[in-house]
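Listing of work-v1.txt; format and content: compact mmCIF, C-alpha atoms.
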```txt
# COMPACT_ATOMS: atom_id res chain seq x y z
CA MET F 1296 70.38 85.93 126.40
CA ALA F 1297 71.42 82.33 126.84
CA PRO F 1298 72.85 81.51 130.27
CA GLY F 1299 76.61 81.40 130.75
CA SER F 1300 78.51 78.13 130.93
CA ARG F 1301 79.80 76.39 134.06
CA THR F 1302 83.40 76.23 132.89
CA PRO F 1303 85.58 78.04 130.35
CA ALA F 1304 86.01 74.82 128.38
CA GLU F 1305 82.23 74.43 128.14
CA ALA F 1306 81.87 78.03 126.97
CA VAL F 1307 84.49 77.44 124.29
CA GLU F 1308 82.74 74.27 123.12
CA HIS F 1309 79.44 76.13 122.84
CA TYR F 1310 81.12 78.94 120.93
CA ARG F 1311 82.84 76.59 118.51
CA GLY F 1312 79.66 74.68 117.80
CA ARG F 1313 77.55 77.82 117.44
CA THR F 1314 80.06 79.34 115.04
CA ALA F 1315 80.39 76.18 112.98
CA ARG F 1316 76.60 76.00 112.63
CA LEU F 1317 76.48 79.65 111.64
CA LEU F 1318 79.14 79.21 108.97
CA ALA F 1319 77.36 76.11 107.68
CA CYS F 1320 74.68 78.52 106.48
CA LEU F 1321 77.12 79.58 103.74
CA THR F 1322 79.84 77.00 103.24
CA ASN F 1323 80.94 73.44 103.78
CA GLU F 1324 84.53 74.48 104.50
CA HIS F 1325 85.57 73.13 107.85
CA VAL F 1326 86.51 75.30 110.79
CA VAL F 1327 89.97 75.18 112.34
CA VAL F 1328 90.70 76.24 115.90
CA SER F 1329 93.87 76.60 117.90
CA ALA F 1330 94.18 74.08 120.68
CA TYR F 1331 92.39 75.46 123.70
CA HIS F 1332 94.04 73.49 126.48
CA THR F 1333 97.64 73.94 125.35
CA ALA F 1334 97.67 77.62 124.44
CA ASP F 1335 97.35 80.97 126.13
CA PRO F 1336 94.49 83.27 125.19
CA PRO F 1337 93.38 84.76 122.97
CA HIS F 1338 92.54 81.66 120.96
CA GLN F 1339 91.88 81.48 117.27
CA LEU F 1340 89.10 80.20 115.03
CA GLU F 1341 89.03 80.34 111.26
CA LEU F 1342 87.48 78.96 108.17
CA SER F 1343 90.03 76.53 106.79
CA ASP F 1344 90.32 78.47 103.53
CA LEU F 1345 88.56 81.05 101.43
CA ALA F 1346 85.01 79.76 101.00
CA LYS F 1347 83.37 80.03 97.62
CA LEU F 1348 79.75 80.95 98.25
CA ARG F 1349 76.80 79.63 96.30
CA ALA F 1350 75.72 82.74 94.44
CA PRO F 1351 74.99 83.88 90.87
CA HIS F 1352 78.21 85.91 91.00
CA PRO F 1353 81.67 84.97 92.33
CA LEU F 1354 81.62 85.64 96.07
CA ARG F 1355 84.08 84.26 98.58
CA LEU F 1356 84.13 84.50 102.35
CA SER F 1357 87.08 84.69 104.72
CA VAL F 1358 86.61 84.40 108.48
CA GLY F 1359 89.06 84.60 111.34
CA GLU F 1360 88.34 85.33 114.99
CA HIS F 1361 90.37 85.75 118.17
CA TYR F 1362 88.49 84.93 121.35
CA GLU F 1363 88.78 84.56 125.09
CA ALA F 1364 86.64 82.85 127.72
CA ARG F 1365 85.67 85.28 130.47
CA GLU F 1366 83.78 84.78 133.70
CA GLU F 1367 80.71 86.92 134.14
CA ALA F 1368 78.00 87.06 136.78
CA ASP F 1369 76.01 84.19 135.26
CA GLY F 1370 78.91 82.01 134.20
CA TRP F 1371 81.58 81.72 131.52
CA ARG F 1372 81.17 83.29 128.11
CA VAL F 1373 83.33 83.64 125.04
CA GLU F 1374 84.18 87.16 123.98
CA ILE F 1375 85.47 87.99 120.52
CA VAL F 1376 88.57 90.15 120.90
CA GLY F 1377 89.59 90.47 117.25
CA TYR F 1378 88.38 89.45 113.80
CA ASN F 1379 88.77 89.51 110.07
CA TYR F 1380 85.54 89.06 108.13
CA ALA F 1381 85.91 89.63 104.41
CA ILE F 1382 83.69 89.10 101.42
CA GLU F 1383 85.49 88.96 98.10
CA HIS F 1384 83.96 89.55 94.70
CA GLU F 1385 85.72 88.46 91.52
CA GLY F 1386 88.97 87.85 93.40
CA GLY F 1387 89.24 91.18 95.23
CA ASP F 1388 87.91 92.47 98.50
CA LEU F 1389 84.35 93.74 98.25
CA VAL F 1390 84.02 94.62 101.89
CA SER F 1391 86.07 93.62 104.89
CA TYR F 1392 85.62 94.13 108.61
CA HIS F 1393 88.77 94.16 110.70
CA TRP F 1394 89.57 94.40 114.36
CA HIS F 1395 93.17 93.72 115.37
CA PRO F 1396 93.73 95.52 118.68
CA THR F 1397 97.09 93.81 119.22
CA GLY F 1398 99.95 93.52 116.80
CA GLU F 1399 101.98 95.91 114.73
CA SER F 1400 99.21 97.99 113.18
CA PRO F 1401 98.44 101.34 114.84
CA ILE F 1402 94.81 100.88 113.79
CA THR F 1403 93.54 99.16 116.90
CA TRP F 1404 89.85 100.01 116.67
CA PRO F 1405 87.21 98.09 114.69
CA HIS F 1406 87.04 99.30 111.11
CA MET F 1407 86.02 98.35 107.62
CA HIS F 1408 87.40 98.64 104.13
CA VAL F 1409 85.32 98.92 101.00
CA SER F 1410 86.39 98.18 97.47
CA THR F 1411 86.37 101.35 95.39
CA ASP F 1412 88.29 103.19 92.70
CA ILE F 1413 87.94 106.49 94.54
CA HIS F 1414 91.00 108.45 95.58
CA VAL F 1415 90.86 111.25 98.12
CA GLY F 1416 93.81 113.32 97.06
CA GLU F 1417 96.58 110.74 96.76
CA ARG F 1418 94.95 108.40 99.26
CA TRP F 1419 93.19 105.35 97.82
CA PHE F 1420 89.87 105.09 99.62
CA GLY F 1421 90.07 101.31 99.74
CA LYS F 1422 92.95 101.64 102.23
CA VAL F 1423 91.06 104.07 104.45
CA HIS F 1424 90.06 102.58 107.81
CA LEU F 1425 86.39 103.41 108.16
CA PRO F 1426 85.51 103.27 111.87
CA THR F 1427 82.79 100.88 112.96
CA GLY F 1428 81.54 99.42 116.18
CA VAL F 1429 82.36 95.79 116.86
CA VAL F 1430 80.73 93.82 114.04
CA SER F 1431 79.44 90.32 114.68
CA LEU F 1432 79.93 87.37 112.36
CA GLU F 1433 76.20 86.71 112.22
CA ARG F 1434 75.62 90.17 110.71
CA VAL F 1435 78.19 89.40 108.01
CA VAL F 1436 76.51 86.07 107.26
CA ALA F 1437 73.17 87.86 107.08
CA LEU F 1438 74.69 90.50 104.79
CA ALA F 1439 75.94 87.85 102.39
CA ILE F 1440 72.54 86.16 102.23
CA THR F 1441 70.06 89.02 102.35
CA GLU F 1442 71.97 91.73 100.49
CA LEU F 1443 74.57 90.07 98.29
CA GLY F 1444 72.63 87.11 96.94
CA ALA F 1445 74.47 84.21 98.57
CA LYS F 1446 72.23 81.14 98.72
CA PRO F 1447 71.90 79.72 102.22
CA LEU F 1448 72.91 76.06 102.51
CA ARG F 1449 70.56 75.50 105.43
CA GLU F 1450 66.85 76.11 105.64
CA ASP F 1451 67.15 77.20 109.26
CA TRP F 1452 69.71 79.95 108.58
CA GLU F 1453 67.56 82.64 110.20
CA ARG F 1454 67.31 80.59 113.39
CA LEU F 1455 71.07 80.04 113.42
CA ILE F 1456 71.74 83.73 113.00
CA ALA F 1457 69.41 84.41 115.91
CA GLU F 1458 71.14 81.69 117.94
CA ALA F 1459 74.53 83.28 117.30
CA ALA F 1460 73.23 86.69 118.31
CA ASP F 1461 71.79 85.31 121.56
CA ARG F 1462 75.07 84.64 123.28
CA MET N 1018 68.91 72.03 100.62
CA ALA N 1019 70.53 70.34 103.59
CA THR N 1020 69.10 71.35 106.91
CA ARG N 1021 71.35 69.65 109.45
CA THR N 1022 74.86 69.84 108.07
CA ASP N 1023 77.27 71.21 110.65
CA ASN N 1024 80.76 72.13 109.58
CA GLN N 1025 83.54 70.04 111.01
CA VAL N 1026 85.64 71.70 113.69
CA ARG N 1027 89.29 70.63 113.59
CA GLU N 1028 91.51 71.51 116.55
CA LEU N 1029 95.17 72.06 115.70
CA ASN N 1030 98.04 71.86 118.16
CA PRO N 1031 100.67 74.63 118.00
CA GLU N 1032 102.87 72.69 115.58
CA GLU N 1033 99.96 71.96 113.27
CA TRP N 1034 98.88 75.58 113.44
CA ALA N 1035 102.36 76.81 112.47
CA GLN N 1036 102.36 74.34 109.58
CA ARG N 1037 99.02 75.69 108.46
CA VAL N 1038 100.34 79.27 108.54
CA ASP N 1039 103.30 78.16 106.46
CA GLU N 1040 101.11 76.40 103.90
CA GLN N 1041 98.76 79.34 103.56
CA ALA N 1042 101.64 81.86 103.28
CA ARG N 1043 103.24 79.82 100.52
CA LYS N 1044 99.91 79.34 98.73
CA TYR N 1045 98.74 82.96 98.80
CA LEU N 1046 101.91 85.04 99.24
CA GLY N 1047 104.70 82.88 97.85
CA MET N 1048 106.79 82.97 101.00
CA SER N 1049 107.24 80.82 104.07
CA GLY N 1050 105.24 81.40 107.20
CA GLU N 1051 108.41 82.34 109.10
CA GLU N 1052 109.35 84.93 106.47
CA PHE N 1053 105.86 86.35 106.48
CA GLU N 1054 105.84 86.68 110.27
CA ARG N 1055 109.29 88.25 110.34
CA ARG N 1056 108.43 90.80 107.64
CA LEU N 1057 105.09 91.64 109.23
CA ARG N 1058 106.65 92.11 112.68
CA ALA N 1059 109.38 94.28 111.11
CA GLY N 1060 106.82 96.51 109.44
CA GLU N 1061 107.90 95.53 105.93
CA ILE N 1062 104.40 94.21 105.26
CA ASP N 1063 101.29 96.14 106.26
CA ILE N 1064 98.34 94.14 107.54
CA ASP N 1065 96.10 95.96 105.05
CA ASP N 1066 98.30 95.29 102.01
CA SER N 1067 95.91 92.68 100.62
CA PRO N 1068 93.10 90.38 101.76
CA ALA N 1069 95.58 87.51 101.93
CA VAL N 1070 97.95 89.48 104.15
CA THR N 1071 95.15 90.36 106.55
CA ARG N 1072 94.01 86.77 106.67
CA LEU N 1073 97.54 85.47 107.28
CA ALA N 1074 98.23 88.13 109.90
CA MET N 1075 95.17 87.05 111.84
CA MET N 1076 96.50 83.49 111.82
CA LEU N 1077 99.63 84.50 113.72
CA PRO N 1078 99.65 84.29 117.52
CA PRO N 1079 97.77 87.44 118.63
CA ASN N 1080 100.21 88.28 121.40
CA GLY N 1081 103.19 88.07 119.08
CA THR N 1082 104.68 84.96 120.64
CA ARG N 1083 104.58 81.35 119.61
CA LYS N 1084 102.40 79.23 121.82
```
Serialized structure, structure tokens:
Amino acid sequence: MAPGSRTPAEAVEHYRGRTARLLACLTNEHVVVSAYHTADPPHQLELSDLAKLRAPHPLRLSVGEHYEAREEADGWRVEIVGYNYAIEHEGGDLVSYHWHPTGESPITWPHMHVSTDIHVGERWFGKVHLPTGVVSLERVVALAITELGAKPLREDWERLIAEAADR
Amino acid sequence: MATRTDNQVRELNPEEWAQRVDEQARKYLGMSGEEFERRLRAGEIDIDDSPAVTRLAMMLPPNGTRK
């Protein structure tokens, strides 16, 4: 694991850069972040818009994260405290990973939704919150490339996924 | 294939962030950002209603207050 940072601001800068490099594996959309110095945590990071992926079929990626800088034994690190990672296919959600522990929803644990026509009784399965552990953005990027046919925009995408995982 | 292209990171102040929420709400949901936030907080809109709703909900201040 990479060492922690000396200050929270440094940890946030590392996180922002690492995440921007990771997303550059799939898209040229820029990344927007809420101002770190003028806002209370958690802070926000997102892709600026839905990102059309380079693939033989219409895939789009949506990314939003909430994060905090926390002090640990070896220094400051950024912890993800909420997210929305979604891959769309032909204009609808294919799979989405959500974690919104604060807010109005009673579903506070990490979960996923899958696109499906299945109904369980009267309940549409696509609305069912399928429990997951905390899912990392690098696994979603890897999913898009290795399983769903998205073409990586960078030759070093495997290194960048490993870099993101080593935090 | 480019090998060294990093995506630009753009930091938005609270006013710019609110403007972005408003633009995205109008673009994807046909309502203002303020209306979207009010209806979401009131439970009239469920965060899982659509991909756009989830995305917009995650753009709102996580602790429910404007920064």
Grab the atom CA of F:His1395 to atom CA of N:Met1076 distance for me, in Å with one decimal place.
-> 11.3 Å
Take atom CA of F:Ser1343 and atom CA of F:Gly1359 and report the distance between them in Å, one decimal.
->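 Distance between the two atoms: 9.3 Å.
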In terms of the shortest atom-to-atom distance over only C-alpha atoms, which of N:Arg1037, N:Ala1074, N:Gln1025, N:Ala1042 is closest to N:Leu1057?
-> N:Ala1074
For chain F, which residues have at least one atom within 8 Å of chain N, if we go by only C-alpha atoms? Write them as a count of residues only, please.
-> 39
Just the residues within 12 Å of F:Trp1419, please, counting all atoms listed in the file, with nothing from its chain fewer than 6 positions along; format it as a PyMOL selection string.
-> chain F and resi 1408-1413
Interatomic distance, atom CA of F:Glu1458 to atom CA of F:Tyr1362 (Å, one decimal) = 18.0 Å
Write out as a list of chain:residue names the residues lying within 10 Å of stretch 1364-1373 of chain F, counting all atoms listed in the file and excluding same-chain residues fewer than 4 positions away.
->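 Within the cut-off, the hits are F:Ala1297, F:Pro1298, F:Gly1299, F:Ser1300, F:Arg1301, F:Thr1302, F:Pro1303, F:Ala1304, F:Glu1305, F:Ala1306, F:Val1307, F:Glu1308, F:His1309, F:Tyr1310, F:Arg1311, F:Pro1336, F:Pro1337, F:His1338, F:Arg1462.
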Residues just named, written with C-alpha atoms as a compact mmCIF listing (two decimals), keeping the file's coordinate frame:
```txt
# COMPACT_ATOMS: atom_id res chain seq x y z
CA ALA F 1297 71.42 82.33 126.84
CA PRO F 1298 72.85 81.51 130.27
CA GLY F 1299 76.61 81.40 130.75
CA SER F 1300 78.51 78.13 130.93
CA ARG F 1301 79.80 76.39 134.06
CA THR F 1302 83.40 76.23 132.89
CA PRO F 1303 85.58 78.04 130.35
CA ALA F 1304 86.01 74.82 128.38
CA GLU F 1305 82.23 74.43 128.14
CA ALA F 1306 81.87 78.03 126.97
CA VAL F 1307 84.49 77.44 124.29
CA GLU F 1308 82.74 74.27 123.12
CA HIS F 1309 79.44 76.13 122.84
CA TYR F 1310 81.12 78.94 120.93
CA ARG F 1311 82.84 76.59 118.51
CA PRO F 1336 94.49 83.27 125.19
CA PRO F 1337 93.38 84.76 122.97
CA HIS F 1338 92.54 81.66 120.96
CA ARG F 1462 75.07 84.64 123.28
```
Any idea what's packed within 10 Å of F:Lys1347, counting only C-alpha atoms, ignoring anything in its chain fewer than 2 positions away? Could you give it as a list of chain:residue names?
-> F:Leu1321, F:Thr1322, F:Asn1323, F:Glu1324, F:Asp1344, F:Leu1345, F:Arg1349, F:Ala1350, F:Pro1353, F:Leu1354, F:Arg1355, F:Leu1356, F:Ser1357, F:Ile1382, F:Glu1383, F:His1384, F:Ala1445
For F:Leu1425, which of F:His1406, F:His1393, F:His1332, F:Arg1454 is the closest residue, counting all atoms listed in the file?
->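 Looking only at the distances to F:Leu1425, the closest residue turns out to be F:His1406.
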Could you check which of F:His1424, F:Leu1342, F:Lys1446, F:Val1376 is closest to F:Pro1401, using only C-alpha atoms?
-> F:His1424
